[in-house]
Every structure is written in structure tokens, then in C-alpha cells.
Amino acid sequence: MTTSPKCSPSRSARNNAPGAFLLFFVLTLGALAQDPLDGPKLAQQLRSDDPAENSKVTGTIRLRAGDNHTNIPITCTVEIGVDSWRTIYETSFERLIVVHFTNAPSQYFDVRNGGPTNSIGPDKADIPFAGCDFSLADLGLDFLHWPTQEQRKGEMRLGQPCFVLDSSRLATPDSVITRVRSYVDKDNGGILEAEAYDAHGALIKKFSLHGSSFHKVNGQWRLEKMEMIDKQKHSQTIIQFDIEK
């Protein structure tokens, strides 16, 4: 799935705690318009909100594939620029820099095992980060820049009323995923769940905040965890954040 985020609570919460950290899918939009939005406008709102300030958070990537379980420490750093902002994801063997823009696809710069920095285009970013189920394109929210954005009938997800956004593109030689369906919380603008499908309608991956919660630490809202399941590989990745409860 080509999907990151920024990871924090609603805009109203962020205004009270501007240091809230950012990562992957939960976007700091605040309450979206309650009147029906068209797909392009909804996608524009989802990708246009930038972080309030620099931040840094640590956590653990927990990967499960069959009987194999792997834990990988991770650090996420957000740095704000003039016309863009970037998120740096670091493990002991990989460093990924995602440069985010409002009206242009994200840029990816990946360093593996101390080697050279590789610039990776969005069309080739559907590759795993640190061997887990989150791809580079997932962490760059690439799907919000795809050519077709369509709003569907709203649904309930995780107990919340949600806008439903279908983002689609043609299949490419480097990715079989052609559609991402996002469930966007109407109250706080966060993507609570997302599903990635191939051209035949088969479910490839699923993102969810199921079982997670927010905690306020030193005036900042922190997300506890987020999950990605790869239906093809039968694997699961949970990113667990280090927070004080």
C-alpha cells in the first residue's frame, strides 16, 4: 500500500499540544467539513496539512511472519522546511528520508547498511522499509497523489463515522497495487484504516489503528501503535511507540 503519515491527534488537540509527534497515517487535519466533499478535495485536505514543529520519537517495529518474530528499534524524526517537510526513519541498518510536498509526490532517499544514498522515485517506492510490511511509499502517503480520487458513501470504522476515499492508478511494472481505500475519521481527520487492492480487486495489504489509543505525555498526544497486515505474505507488522502512560 502506498500510504504515513503524520501520526498525531486532531488539529484542535495539536493546538493545545503543538509538539505532537508525526508518523504515517493519522493526519493532523482537525474536523473535516461535514458537508459532502468530492474526492480530489478530500485528498487535497489530507495531504496539505503540514506539521507544527520539529519532533522526534522512538519505538519498535514488531514483525511476525509465520513462527518468526523480529523486533527492530526505530527512530522517527520530523524536520520542517520552507516549502516541504521531511520525515527520517532510522534503524540500525536502514535510513529513509521522505520529503513531503502538498501538490507533488513525495521524494525518497534510502541508505542501507551504510551504503550510498539512493534516490527512489514514487513509481519504484513500493519496496519494504527495514524488511517490514510498511513500504517506502506507505510512509510517503504516495496514494494521495494518484490521478483518480473518488469519495464513496461514508461508513463506520473502529466505532467512528468516516469519509471513504478511493485512490486509484494503473498498475505499474513495480507495483501491483492499483487502489487504496481510506477510512477518514469525520471528527479528527485521521485515517483510521486503509486497504490496498490489486487490479483484480484482491486485498493485498491492510492498515489499522485497531487496538491503539492516544496518550497525553508532557502536553503532547502520542499514538500507542499502528498495524499493517500483508495478506499475500501472511505477515503482520506493528510499530509500537515508546510512550509514558
# chains A, B, ... in the order shown; residues from 1 in each chain; ligands from 1
$ select_by_dssp --residues "range 35-218 of chain A" --states "alpha helix (DSSP H)" --output "list in words"
Gly39, Pro40, Lys41, Leu42, Ala43, Gln44, Gln45, Leu46, Arg47, Ser48, Leu136, Ala137, Asp138 and Leu139 of chain A
$ residues_around --residues "range 102-119 of chain A" --least-positions-apart "4" --cutoff "6 Å" --atoms "only C-alpha atoms" --output "count of residues only"
10
$ residues_around --residues "Ala125 in chain A" --least-positions-apart "6" --cutoff "8 Å" --atoms "only C-alpha atoms" --output "VMD selection string"
chain A and resid 108 135 to 137
$ residues_around --residues "Leu192 in chain A" --least-positions-apart "4" --cutoff "10 Å" --atoms "only C-alpha atoms" --output "PyMOL selection string"
chain A and resi 25-27+157-158+160+162+182-185+207-210+226
$ write_last_selection --atoms "N, CA and C atoms" --output "PDB file, in the first residue's frame"
ATOM      1  N   PHE A  25      -0.102   7.370   9.105  1.00  0.00           N
ATOM      2  CA  PHE A  25      -1.434   7.600   8.587  1.00  0.00           C
ATOM      3  C   PHE A  25      -2.311   8.584   9.323  1.00  0.00           C
ATOM      4  N   VAL A  26      -2.111   8.829  10.594  1.00  0.00           N
ATOM      5  CA  VAL A  26      -3.086   9.623  11.332  1.00  0.00           C
ATOM      6  C   VAL A  26      -2.755  11.092  11.132  1.00  0.00           C
ATOM      7  N   LEU A  27      -3.584  11.791  10.389  1.00  0.00           N
ATOM      8  CA  LEU A  27      -3.245  13.125   9.926  1.00  0.00           C
ATOM      9  C   LEU A  27      -3.804  14.200  10.844  1.00  0.00           C
ATOM     10  N   ARG A 157     -16.068   2.912  11.060  1.00  0.00           N
ATOM     11  CA  ARG A 157     -14.871   2.110  11.284  1.00  0.00           C
ATOM     12  C   ARG A 157     -14.312   2.414  12.674  1.00  0.00           C
ATOM     13  N   LEU A 158     -13.979   1.369  13.401  1.00  0.00           N
ATOM     14  CA  LEU A 158     -13.450   1.499  14.756  1.00  0.00           C
ATOM     15  C   LEU A 158     -14.346   2.382  15.619  1.00  0.00           C
ATOM     16  N   GLN A 160     -16.193   4.875  14.702  1.00  0.00           N
ATOM     17  CA  GLN A 160     -16.235   6.280  14.315  1.00  0.00           C
ATOM     18  C   GLN A 160     -16.856   6.428  12.929  1.00  0.00           C
ATOM     19  N   CYS A 162     -16.933   7.721   9.277  1.00  0.00           N
ATOM     20  CA  CYS A 162     -15.779   8.009   8.408  1.00  0.00           C
ATOM     21  C   CYS A 162     -16.200   8.406   7.001  1.00  0.00           C
ATOM     22  N   SER A 182      -9.366   4.474   1.849  1.00  0.00           N
ATOM     23  CA  SER A 182      -9.060   5.033   3.166  1.00  0.00           C
ATOM     24  C   SER A 182     -10.341   5.388   3.904  1.00  0.00           C
ATOM     25  N   TYR A 183     -10.348   5.125   5.202  1.00  0.00           N
ATOM     26  CA  TYR A 183     -11.478   5.462   6.061  1.00  0.00           C
ATOM     27  C   TYR A 183     -11.029   6.598   6.969  1.00  0.00           C
ATOM     28  N   VAL A 184     -11.570   7.793   6.705  1.00  0.00           N
ATOM     29  CA  VAL A 184     -11.095   9.029   7.331  1.00  0.00           C
ATOM     30  C   VAL A 184     -12.082   9.487   8.395  1.00  0.00           C
ATOM     31  N   ASP A 185     -11.632   9.535   9.637  1.00  0.00           N
ATOM     32  CA  ASP A 185     -12.468   9.943  10.763  1.00  0.00           C
ATOM     33  C   ASP A 185     -13.046  11.341  10.504  1.00  0.00           C
ATOM     34  N   PHE A 207      -4.041  -1.560   6.611  1.00  0.00           N
ATOM     35  CA  PHE A 207      -3.525  -0.749   7.709  1.00  0.00           C
ATOM     36  C   PHE A 207      -4.654  -0.488   8.691  1.00  0.00           C
ATOM     37  N   SER A 208      -4.345  -0.465  10.004  1.00  0.00           N
ATOM     38  CA  SER A 208      -5.374  -0.197  11.001  1.00  0.00           C
ATOM     39  C   SER A 208      -4.759   0.341  12.287  1.00  0.00           C
ATOM     40  N   LEU A 209      -5.557   1.154  12.983  1.00  0.00           N
ATOM     41  CA  LEU A 209      -5.219   1.583  14.341  1.00  0.00           C
ATOM     42  C   LEU A 209      -5.960   0.740  15.366  1.00  0.00           C
ATOM     43  N   HIS A 210      -6.460  -0.415  14.953  1.00  0.00           N
ATOM     44  CA  HIS A 210      -7.180  -1.308  15.849  1.00  0.00           C
ATOM     45  C   HIS A 210      -6.330  -1.625  17.081  1.00  0.00           C
ATOM     46  N   MET A 226       0.449   1.148  15.594  1.00  0.00           N
ATOM     47  CA  MET A 226      -0.286   1.015  14.348  1.00  0.00           C
ATOM     48  C   MET A 226       0.131  -0.281  13.675  1.00  0.00           C
TER      49      MET A 226
END
$ select_by_dssp --residues "range 153-183 of chain A" --states "strand (DSSP E or B)" --output "list of chain:residue names"
A:Lys153, A:Gly154, A:Glu155, A:Met156, A:Arg157, A:Gln160, A:Pro161, A:Cys162, A:Phe163, A:Val164, A:Leu165, A:Asp166, A:Ser167, A:Ser168, A:Thr172, A:Ser175, A:Ile177, A:Thr178, A:Arg179, A:Val180, A:Arg181, A:Ser182, A:Tyr183
$ closest_residue --among "A:Val180, A:Cys132, A:Ala199, A:Ile243" --to "His69 in chain A" --atoms "only C-alpha atoms"
A:Cys132
$ residues_around --residues "Ile74 in chain A" --least-positions-apart "2" --cutoff "7 Å" --atoms "only C-alpha atoms" --output "list in words"
Thr58, Gly59, Thr60, Ile61, Ile72, Cys76, Tyr89, Glu90 and Thr91 of chain A
